[in-house]
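Participant: Have a peek at start30.tsv (TSV, C-alpha atoms).
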```tsv
chain	number	residue	atom	x	y	z
A	57	MET	CA	49.56	58.11	83.76
A	58	ASN	CA	51.52	57.67	80.53
A	59	ARG	CA	50.74	54.16	79.23
A	60	ASN	CA	54.34	53.44	78.21
A	61	LEU	CA	55.64	54.44	81.64
A	62	PHE	CA	53.04	52.23	83.27
A	63	LEU	CA	53.88	49.24	81.08
A	64	THR	CA	57.59	49.71	81.71
A	65	GLY	CA	56.94	49.54	85.45
A	66	VAL	CA	54.99	46.32	84.92
A	67	PHE	CA	57.75	44.81	82.77
A	68	LEU	CA	60.39	45.65	85.38
A	69	ALA	CA	58.47	43.53	87.87
A	70	ILE	CA	58.20	40.52	85.56
A	71	ALA	CA	61.13	38.33	84.54
A	72	LEU	CA	61.21	36.36	81.33
A	73	THR	CA	59.81	33.20	82.90
A	74	GLY	CA	56.59	32.78	80.96
A	75	PHE	CA	53.62	34.57	79.47
A	76	SER	CA	51.03	34.18	82.22
A	77	GLN	CA	50.80	37.96	82.63
A	78	ASP	CA	48.20	40.13	80.90
A	79	CYS	CA	48.49	40.19	77.12
A	80	ASP	CA	49.08	43.91	76.69
A	81	LYS	CA	50.56	45.36	73.54
A	82	TYR	CA	53.94	47.04	73.34
A	83	LEU	CA	52.55	49.45	70.76
A	84	ASN	CA	50.73	52.65	71.63
A	85	GLN	CA	48.36	53.00	68.67
A	86	GLN	CA	47.42	56.57	69.53
A	87	THR	CA	50.96	57.97	69.45
A	88	ASN	CA	52.56	55.42	67.08
A	89	VAL	CA	55.25	54.73	69.67
A	90	VAL	CA	56.51	51.26	70.55
A	91	ASN	CA	57.64	50.49	74.10
A	92	THR	CA	61.29	49.78	73.29
A	93	LYS	CA	62.35	49.22	76.89
A	94	GLY	CA	59.54	46.74	77.49
A	95	VAL	CA	60.45	44.67	74.42
A	96	VAL	CA	64.17	44.51	75.23
A	97	LEU	CA	63.48	43.77	78.88
A	98	ARG	CA	61.31	40.80	77.94
A	99	VAL	CA	64.15	39.42	75.79
A	100	LEU	CA	66.99	39.93	78.27
A	101	GLY	CA	64.95	39.28	81.40
A	102	ARG	CA	66.61	42.19	83.22
A	103	THR	CA	66.81	45.97	83.22
A	104	ALA	CA	68.71	47.44	80.28
A	105	ASP	CA	69.76	50.92	79.21
A	106	VAL	CA	67.26	51.54	76.44
A	107	ILE	CA	65.28	54.53	75.22
A	108	LEU	CA	61.73	54.26	76.59
A	109	GLY	CA	59.78	54.73	73.36
A	110	THR	CA	60.63	54.55	69.67
A	111	ASN	CA	58.49	56.44	67.20
A	112	PHE	CA	57.74	54.66	63.94
A	113	SER	CA	58.88	57.72	62.00
A	114	SER	CA	62.48	56.77	62.89
A	115	LEU	CA	62.04	53.49	61.00
A	116	THR	CA	61.67	52.89	57.29
A	117	ASN	CA	58.11	52.37	56.05
A	118	THR	CA	58.75	48.65	55.59
A	119	ALA	CA	60.24	48.23	59.07
A	120	SER	CA	57.40	50.23	60.60
A	121	SER	CA	54.75	48.00	58.99
A	122	GLN	CA	56.62	44.85	59.99
A	123	LEU	CA	56.89	46.02	63.58
A	124	GLN	CA	53.17	46.73	63.79
A	125	MET	CA	52.36	43.29	62.34
A	126	LEU	CA	54.73	41.63	64.80
A	127	ASP	CA	53.12	43.54	67.65
A	128	ASN	CA	49.66	42.31	66.65
A	129	LEU	CA	50.95	38.77	66.13
A	130	GLN	CA	52.52	38.82	69.60
A	131	TYR	CA	49.26	40.02	71.13
A	132	GLN	CA	47.14	37.35	69.41
A	133	ASN	CA	49.62	34.58	70.28
A	134	CYS	CA	49.51	35.64	73.93
A	135	LEU	CA	45.69	35.61	73.98
A	136	LYS	CA	45.71	32.18	72.36
A	137	TRP	CA	48.25	30.94	74.94
A	138	GLN	CA	45.85	31.84	77.75
A	139	THR	CA	43.14	29.55	76.36
A	140	ALA	CA	45.32	26.76	74.90
A	141	LYS	CA	44.37	23.33	76.25
A	142	SER	CA	47.45	21.24	75.41
A	143	GLU	CA	50.99	21.70	76.70
A	144	PHE	CA	52.26	21.09	73.16
A	145	THR	CA	50.35	24.13	71.89
A	146	LYS	CA	51.40	26.28	74.86
A	147	GLU	CA	55.08	25.44	74.45
A	148	ASN	CA	54.82	26.13	70.72
A	149	LEU	CA	53.21	29.52	71.33
A	150	GLU	CA	55.78	30.44	73.99
A	151	ALA	CA	58.62	29.72	71.56
A	152	LYS	CA	56.92	31.83	68.90
A	153	MET	CA	56.37	34.74	71.30
A	154	GLU	CA	60.03	34.72	72.33
A	155	GLN	CA	61.12	34.70	68.69
A	156	THR	CA	58.64	37.46	67.83
A	157	LEU	CA	60.20	39.65	70.52
A	158	ALA	CA	63.65	38.91	69.10
A	159	GLU	CA	62.49	40.00	65.63
A	160	MET	CA	61.03	43.19	67.13
A	161	VAL	CA	64.38	43.94	68.78
A	162	LYS	CA	66.15	43.60	65.43
A	163	LEU	CA	63.83	46.17	63.87
A	164	LEU	CA	64.16	48.51	66.86
A	165	ASN	CA	67.94	48.28	66.61
A	166	GLN	CA	67.69	49.74	63.10
A	167	SER	CA	66.17	52.89	64.59
A	168	GLY	CA	69.16	53.50	66.90
A	169	SER	CA	67.00	53.08	70.01
A	170	ILE	CA	69.34	50.54	71.60
A	171	PRO	CA	72.68	51.78	73.06
A	172	PRO	CA	75.94	49.92	72.09
A	173	ALA	CA	76.31	48.33	75.56
A	174	THR	CA	72.83	46.84	75.35
A	175	VAL	CA	73.39	45.78	71.74
A	176	LYS	CA	76.41	43.82	73.00
A	177	GLU	CA	74.23	42.13	75.63
A	178	LEU	CA	71.72	41.20	72.96
A	179	VAL	CA	74.46	39.78	70.74
A	180	LEU	CA	75.84	37.66	73.58
A	181	SER	CA	72.28	36.48	74.25
A	182	GLY	CA	72.04	35.31	70.65
A	183	VAL	CA	69.34	37.81	69.68
A	184	LEU	CA	71.34	40.11	67.38
A	185	ASP	CA	73.86	39.18	64.69
A	186	PRO	CA	77.47	39.82	65.88
A	187	ASP	CA	78.75	40.49	62.34
A	188	GLN	CA	76.14	43.21	61.82
A	189	ALA	CA	77.01	44.71	65.21
A	190	ARG	CA	80.69	44.87	64.23
A	191	LYS	CA	79.75	46.61	60.97
A	192	ASP	CA	77.91	49.19	63.08
A	193	GLY	CA	81.16	49.81	65.01
A	194	ILE	CA	80.21	47.92	68.16
A	195	VAL	CA	82.98	45.74	69.59
A	196	VAL	CA	81.54	42.33	70.35
A	197	ASP	CA	83.74	39.47	71.55
A	198	PRO	CA	82.08	36.71	73.60
A	199	ALA	CA	85.52	35.76	74.98
A	200	ASP	CA	85.70	39.11	76.77
A	201	ASP	CA	82.65	38.15	78.82
A	202	ARG	CA	83.82	34.62	79.63
A	203	ILE	CA	87.52	35.01	80.50
A	204	ALA	CA	88.80	37.75	82.79
A	205	PRO	CA	92.11	39.36	81.61
A	206	THR	CA	95.31	38.33	83.42
A	207	PRO	CA	96.51	41.16	85.72
A	208	LYS	CA	99.82	42.68	84.67
A	209	ASN	CA	102.94	42.24	86.82
A	210	VAL	CA	101.17	39.79	89.14
A	211	ASP	CA	102.32	36.18	89.41
A	212	ASP	CA	100.20	33.17	90.21
A	213	VAL	CA	96.88	34.99	90.05
A	214	PRO	CA	94.19	32.56	88.86
A	215	VAL	CA	92.13	33.66	85.89
A	216	PRO	CA	88.45	32.91	86.52
A	217	ILE	CA	86.73	31.20	83.61
A	218	LEU	CA	82.99	31.41	83.50
A	219	PRO	CA	81.05	28.42	82.13
A	220	VAL	CA	80.57	28.33	78.38
A	221	PRO	CA	76.88	28.31	77.35
A	222	ALA	CA	75.55	24.88	76.40
A	223	LYS	CA	75.35	24.10	72.69
A	224	TRP	CA	72.04	23.03	71.25
A	225	GLU	CA	71.58	20.67	68.36
A	226	THR	CA	68.65	20.74	65.96
A	227	VAL	CA	66.43	17.67	66.19
A	228	THR	CA	64.14	16.65	63.34
A	229	PHE	CA	61.01	14.81	64.44
A	230	PRO	CA	58.93	12.51	62.23
A	231	CYS	CA	56.35	14.39	60.12
A	232	GLN	CA	58.14	17.70	60.80
A	233	ALA	CA	58.78	18.32	57.10
A	234	GLN	CA	55.04	17.98	56.40
A	235	ALA	CA	54.12	20.45	59.17
A	236	MET	CA	55.43	23.64	57.56
A	237	SER	CA	52.87	25.71	55.65
A	238	SER	CA	53.65	26.64	52.05
A	239	ALA	CA	52.04	28.54	49.20
A	240	GLY	CA	48.29	27.95	49.38
A	241	VAL	CA	48.44	25.28	52.12
A	242	ILE	CA	48.27	25.62	55.92
A	243	ARG	CA	49.80	22.74	57.91
A	244	ALA	CA	50.24	21.59	61.52
A	245	ARG	CA	51.68	18.64	63.44
A	246	GLY	CA	50.84	16.77	66.63
A	247	MET	CA	52.45	14.02	68.72
A	248	GLU	CA	51.46	11.89	71.71
A	249	SER	CA	52.65	8.79	73.61
A	250	SER	CA	50.58	5.89	74.96
A	251	MET	CA	50.74	2.16	75.59
A	252	ASP	CA	47.97	1.91	72.98
A	253	PRO	CA	49.02	3.13	69.50
A	254	GLN	CA	45.41	3.99	68.60
A	255	ILE	CA	45.06	6.25	71.66
A	256	ALA	CA	48.38	7.89	70.82
A	257	LYS	CA	47.10	8.55	67.29
A	258	SER	CA	43.74	9.94	68.46
A	259	ILE	CA	45.32	12.40	70.88
A	260	ALA	CA	48.01	13.39	68.35
A	261	ASN	CA	45.23	14.22	65.87
A	262	VAL	CA	43.43	16.38	68.44
A	263	ILE	CA	46.66	18.26	69.19
A	264	ALA	CA	47.37	18.77	65.49
A	265	LEU	CA	43.84	20.05	64.87
A	266	GLU	CA	44.16	22.46	67.79
A	267	GLU	CA	47.48	23.70	66.41
A	268	LEU	CA	46.01	24.07	62.90
A	269	ALA	CA	43.05	26.08	64.20
A	270	SER	CA	45.31	28.15	66.46
A	271	LYS	CA	47.66	28.95	63.60
A	272	ILE	CA	44.79	30.15	61.41
A	273	GLU	CA	43.00	32.11	64.17
A	274	VAL	CA	46.12	33.89	65.40
A	275	THR	CA	47.27	34.78	61.90
A	276	VAL	CA	43.86	35.98	60.71
A	277	LYS	CA	43.24	38.07	63.84
A	278	SER	CA	46.71	39.58	63.64
A	279	THR	CA	46.30	40.37	59.94
A	280	THR	CA	42.82	41.86	60.31
A	281	GLN	CA	43.80	43.84	63.40
A	282	TYR	CA	46.68	45.34	61.41
A	283	PHE	CA	44.25	46.68	58.78
A	284	ILE	CA	41.82	47.89	61.46
A	285	ASP	CA	44.61	49.79	63.21
A	286	ARG	CA	45.41	51.61	59.96
A	287	THR	CA	41.85	52.90	59.52
A	288	GLU	CA	39.58	55.11	61.58
A	289	THR	CA	37.57	52.07	62.66
A	290	ASN	CA	37.35	51.88	66.44
A	291	LEU	CA	36.59	48.42	67.78
A	292	ASN	CA	34.41	48.83	70.84
A	293	GLU	CA	33.92	45.89	73.20
A	294	GLU	CA	30.80	44.58	71.44
A	295	LEU	CA	32.33	44.87	67.97
A	296	THR	CA	35.51	43.17	69.18
A	297	LYS	CA	33.49	40.21	70.50
A	298	ARG	CA	31.56	40.00	67.22
A	299	PHE	CA	34.79	40.21	65.24
A	300	ASN	CA	36.45	37.40	67.24
A	301	ARG	CA	33.30	35.26	67.21
A	302	THR	CA	33.05	35.56	63.41
A	303	ILE	CA	36.61	34.33	63.01
A	304	ASP	CA	36.27	31.50	65.55
A	305	VAL	CA	33.02	30.19	64.04
A	306	SER	CA	34.30	30.40	60.48
A	307	VAL	CA	37.56	28.59	61.33
A	308	ASN	CA	35.69	25.83	63.22
A	309	GLN	CA	33.37	25.31	60.26
A	310	THR	CA	36.04	25.24	57.55
A	311	ILE	CA	38.74	23.37	59.48
A	312	ARG	CA	36.78	20.18	58.78
A	313	GLY	CA	38.22	20.22	55.27
A	314	TYR	CA	41.67	19.14	56.50
A	315	ARG	CA	43.47	15.99	55.36
A	316	ASN	CA	46.11	13.78	56.98
A	317	THR	CA	49.47	13.95	55.16
A	318	CYS	CA	51.74	12.02	57.54
A	319	GLU	CA	51.43	9.36	60.24
A	320	GLU	CA	54.49	7.78	61.83
A	321	TYR	CA	55.18	5.75	64.98
A	322	ARG	CA	58.09	5.09	67.34
A	323	GLN	CA	58.21	2.67	70.25
A	324	ASN	CA	60.30	2.98	73.41
A	325	ASN	CA	62.11	-0.31	73.99
A	326	GLN	CA	62.11	0.18	77.77
A	327	THR	CA	58.62	1.50	78.48
A	328	GLN	CA	57.00	-0.19	75.45
A	329	LYS	CA	55.07	3.05	74.89
A	330	TYR	CA	54.14	4.08	71.36
A	331	GLN	CA	54.73	7.62	70.16
A	332	CYS	CA	52.58	8.75	67.25
A	333	PHE	CA	53.34	11.74	65.00
A	334	VAL	CA	50.76	13.12	62.59
A	335	ALA	CA	50.67	16.05	60.16
A	336	LEU	CA	47.53	17.73	58.83
A	337	GLU	CA	46.96	20.28	56.08
A	338	ILE	CA	44.14	22.36	54.63
A	339	ASN	CA	43.84	24.45	51.49
A	340	GLU	CA	44.30	28.13	52.29
A	341	ASP	CA	41.41	29.37	50.13
A	342	THR	CA	39.06	26.85	51.78
A	343	VAL	CA	39.52	28.76	55.03
A	344	LEU	CA	40.20	32.33	53.92
A	345	LYS	CA	37.50	32.88	51.28
A	346	PRO	CA	34.44	32.16	53.47
A	347	LEU	CA	36.07	33.92	56.42
A	348	HIS	CA	36.80	37.02	54.31
A	349	GLU	CA	33.21	37.02	53.04
A	350	GLU	CA	31.87	36.87	56.60
A	351	LEU	CA	34.07	39.76	57.73
A	352	LYS	CA	33.00	41.87	54.74
A	353	LYS	CA	29.34	41.38	55.69
A	354	ASP	CA	29.86	43.45	58.84
A	355	PRO	CA	29.22	47.14	58.00
A	356	GLU	CA	31.85	48.24	60.54
A	357	LEU	CA	34.57	45.77	59.61
A	358	THR	CA	34.09	46.15	55.86
A	359	LYS	CA	35.69	49.62	56.16
A	360	ALA	CA	38.94	48.04	57.36
A	361	VAL	CA	39.09	44.64	55.66
A	362	PRO	CA	40.64	44.99	52.16
A	363	ASP	CA	39.83	43.00	49.01
A	364	PHE	CA	40.59	39.29	49.11
A	365	THR	CA	43.90	39.42	47.22
A	366	LYS	CA	45.38	42.03	49.56
A	367	PHE	CA	43.93	40.24	52.59
A	368	LYS	CA	45.46	36.91	51.47
A	369	ASP	CA	48.87	38.51	50.74
A	370	ALA	CA	48.98	40.05	54.22
A	371	PHE	CA	47.86	36.74	55.76
A	372	ASN	CA	50.71	34.91	54.01
A	373	GLU	CA	53.24	37.52	55.11
A	374	VAL	CA	52.28	37.00	58.76
A	375	LEU	CA	51.98	33.22	58.36
A	376	ASN	CA	55.46	32.97	56.79
A	377	PHE	CA	56.91	34.67	59.84
A	378	TYR	CA	54.79	32.48	62.11
A	379	GLU	CA	56.27	29.39	60.43
A	380	ARG	CA	59.87	30.60	60.85
A	381	THR	CA	59.49	30.93	64.61
A	382	GLY	CA	59.12	28.43	67.37
A	383	ASN	CA	58.98	24.65	67.04
A	384	ASN	CA	56.62	23.04	64.56
```
Take the structure from the file and write it as C-alpha cells.
Facilitator:
Amino acid sequence: MNRNLFLTGVFLAIALTGFSQDCDKYLNQQTNVVNTKGVVLRVLGRTADVILGTNFSSLTNTASSQLQMLDNLQYQNCLKWQTAKSEFTKENLEAKMEQTLAEMVKLLNQSGSIPPATVKELVLSGVLDPDQARKDGIVVDPADDRIAPTPKNVDDVPVPILPVPAKWETVTFPCQAQAMSSAGVIRARGMESSMDPQIAKSIANVIALEELASKIEVTVKSTTQYFIDRTETNLNEELTKRFNRTIDVSVNQTIRGYRNTCEEYRQNNQTQKYQCFVALEINEDTVLKPLHEELKKDPELTKAVPDFTKFKDAFNEVLNFYERTGNN
C-alpha cells in the first residue's frame, strides 16, 4: 500500500487532540514527497481539500531544505514527548510540535498545494498570514465567517452572530528572558510550586535540566538525521540504536557543565505556596565538540556527519527555530 495513502487514512482517524499516536514522519524519503494532506489535517483537526502529496521539486531549494529539517525536528520532538517525564516538558514539546506543523503549512502553501478555500480556513485559524493571502488573490474576511448576511426584502429576520474567538495575552514569567538560547549558548527554564521553597527550587532545577537535555538531544538528532537523509547512508536498526545511544551518553556527560543564570520566587498569598523559577545555560561548544567527535568515530556515521563548522551552523539553524516555537 502507498505509504502516503496509508498515513492519510491514519490522520483522518485522529483529531488534533494530542501527540500520543505513533511518531511517523510526514516525509517519504524515498520519493521526496511530503504528505501535504496529513500536515494540514493535523493543523485544522478536520478533513480539508488538499493535494495528497507535494514533491520538493515544486519548492525552492531553500524551502525544500527547511521543510525536511522541520520534518525531522517534528519527528524527534514527538519521540522525545513519548519519554518525557514532566508535564512541563510535555506541554512545551506539544506547543513546539503544533508550531512546527504551522511552519510546514506555510512552506507547503508556497508550492500551491493548498486550494484557496483551505487557505482561507488556515488564515481564520491563525496559521497563515491574511495579508499574504490577499496578495495571492484569496479573499479573506473573518467577519464573513462570524456574521451571516441580512436577507434582502425580509423584515425582522434575526442575524445570527457566532461567538468571537477569545483573545490571548502574552504573559512573561520570571527568568523567561534568560531561557532563550543565543549565539554560542544553549538555555532552558524550569518552574515548580511547593510549601517549601527549597523543594520548589530542587524540582524546578530538575525540570530545567530535563528541558536543557531535551533541547540539545532533539536538535542534534534532527540536525544529524537531516545530513544522513541527504547521503546514501542507510540507518539499520542496530546503527540507529548506536547513533541515538552515542548522542544520549554524550549529552548526559557534557550537560554537567551547565550554570544557573536566574533564580526567582513568588508566593501565593492564599495558599502560602512558593513558586520557584530557574534558568540554566551551557556553552554550545562544550556540548557539540565532544558529541561531534564521537559521531565522527563511527565509520558509518562519518560518511554523513559534516565538518564541525557546517554541523554547528545546521544545529544553530534548527535551534533558532526551536526557540521561536512553543513556550520557554
Participant: To one decimal in Å, tell me the separation between CA of Gln155 in chain A and CA of Phe333 in chain A.
Facilitator: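 Distance reported for this atom pair: 24.5 Å.
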Participant: Quick one: residues within 9 Å of Glu267 in chain A, all atoms listed in the file counted, chain neighbours fewer than 5 positions away excluded, as a PDB file with C-alpha atoms, keeping the file's coordinate frame?
Facilitator:
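Produced file part_26.pdb, reproduced below:
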```pdb
ATOM      1  CA  PHE A 144      52.260  21.090  73.160  1.00  0.00           C
ATOM      2  CA  THR A 145      50.350  24.130  71.890  1.00  0.00           C
ATOM      3  CA  ASN A 148      54.820  26.130  70.720  1.00  0.00           C
ATOM      4  CA  ARG A 243      49.800  22.740  57.910  1.00  0.00           C
ATOM      5  CA  ALA A 244      50.240  21.590  61.520  1.00  0.00           C
ATOM      6  CA  ARG A 245      51.680  18.640  63.440  1.00  0.00           C
ATOM      7  CA  GLY A 246      50.840  16.770  66.630  1.00  0.00           C
ATOM      8  CA  VAL A 262      43.430  16.380  68.440  1.00  0.00           C
ATOM      9  CA  ILE A 272      44.790  30.150  61.410  1.00  0.00           C
TER      10      ILE A 272
END
```
Participant: Measuring atom to atom with all atoms listed in the file, identify which of A:Lys353, A:Gln138, A:Ile303, A:Glu177 is nearest to Thr103 in chain A.
Facilitator: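 Closest candidate: A:Glu177.
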Participant: Skipping near chain neighbours, those fewer than 4 positions away, what residues fall within 10 Å of range 249-260 of chain A using only C-alpha atoms, listed as a PyMOL selection string?
Facilitator: chain A and resi 245+264-266+319-324+327-335
Participant: Let me make sure I understand: among A:Leu115, A:Val307, A:Met236, A:Leu129, which one has the smallest atom-to-atom distance to Leu157 in chain A if we use only C-alpha atoms?
Facilitator: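 Nearest to Leu157 in chain A: A:Leu129.
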Participant: When distances are computed from all atoms listed in the file, which of A:Ile242, A:Leu351, A:Leu123, A:Val274 shows the smallest separation from Ile311 in chain A?
Facilitator: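 Looking only at the distances to Ile311 in chain A, the closest residue turns out to be A:Ile242.
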Participant: Which residue is closest to Ser278 in chain A? Choose from A:Ser142, A:Thr365, A:Gln132, A:Asn261 and count all atoms listed in the file.
Facilitator: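 Selected residue with least distance to Ser278 in chain A: A:Gln132.
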Participant: For a quick check of understanding, using only C-alpha atoms, which of A:Thr342, A:Asn84, A:Asn165, A:Thr279 has the smallest distance to Gln309 in chain A?
Facilitator: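 Result for the nearest residue to Gln309 in chain A: A:Thr342.
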Participant: Enter the distance from CA of Asn133 in chain A to CA of Val276 in chain A, in Å, rounded to one decimal.
Facilitator: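 Those two atoms sit 11.3 Å apart.
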Participant: What is the distance between CA of Ser270 in chain A and CA of Ala140 in chain A, in Å to one decimal?
Facilitator: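 About the pair CA of Ser270 in chain A and CA of Ala140 in chain A: they are 8.6 Å apart.
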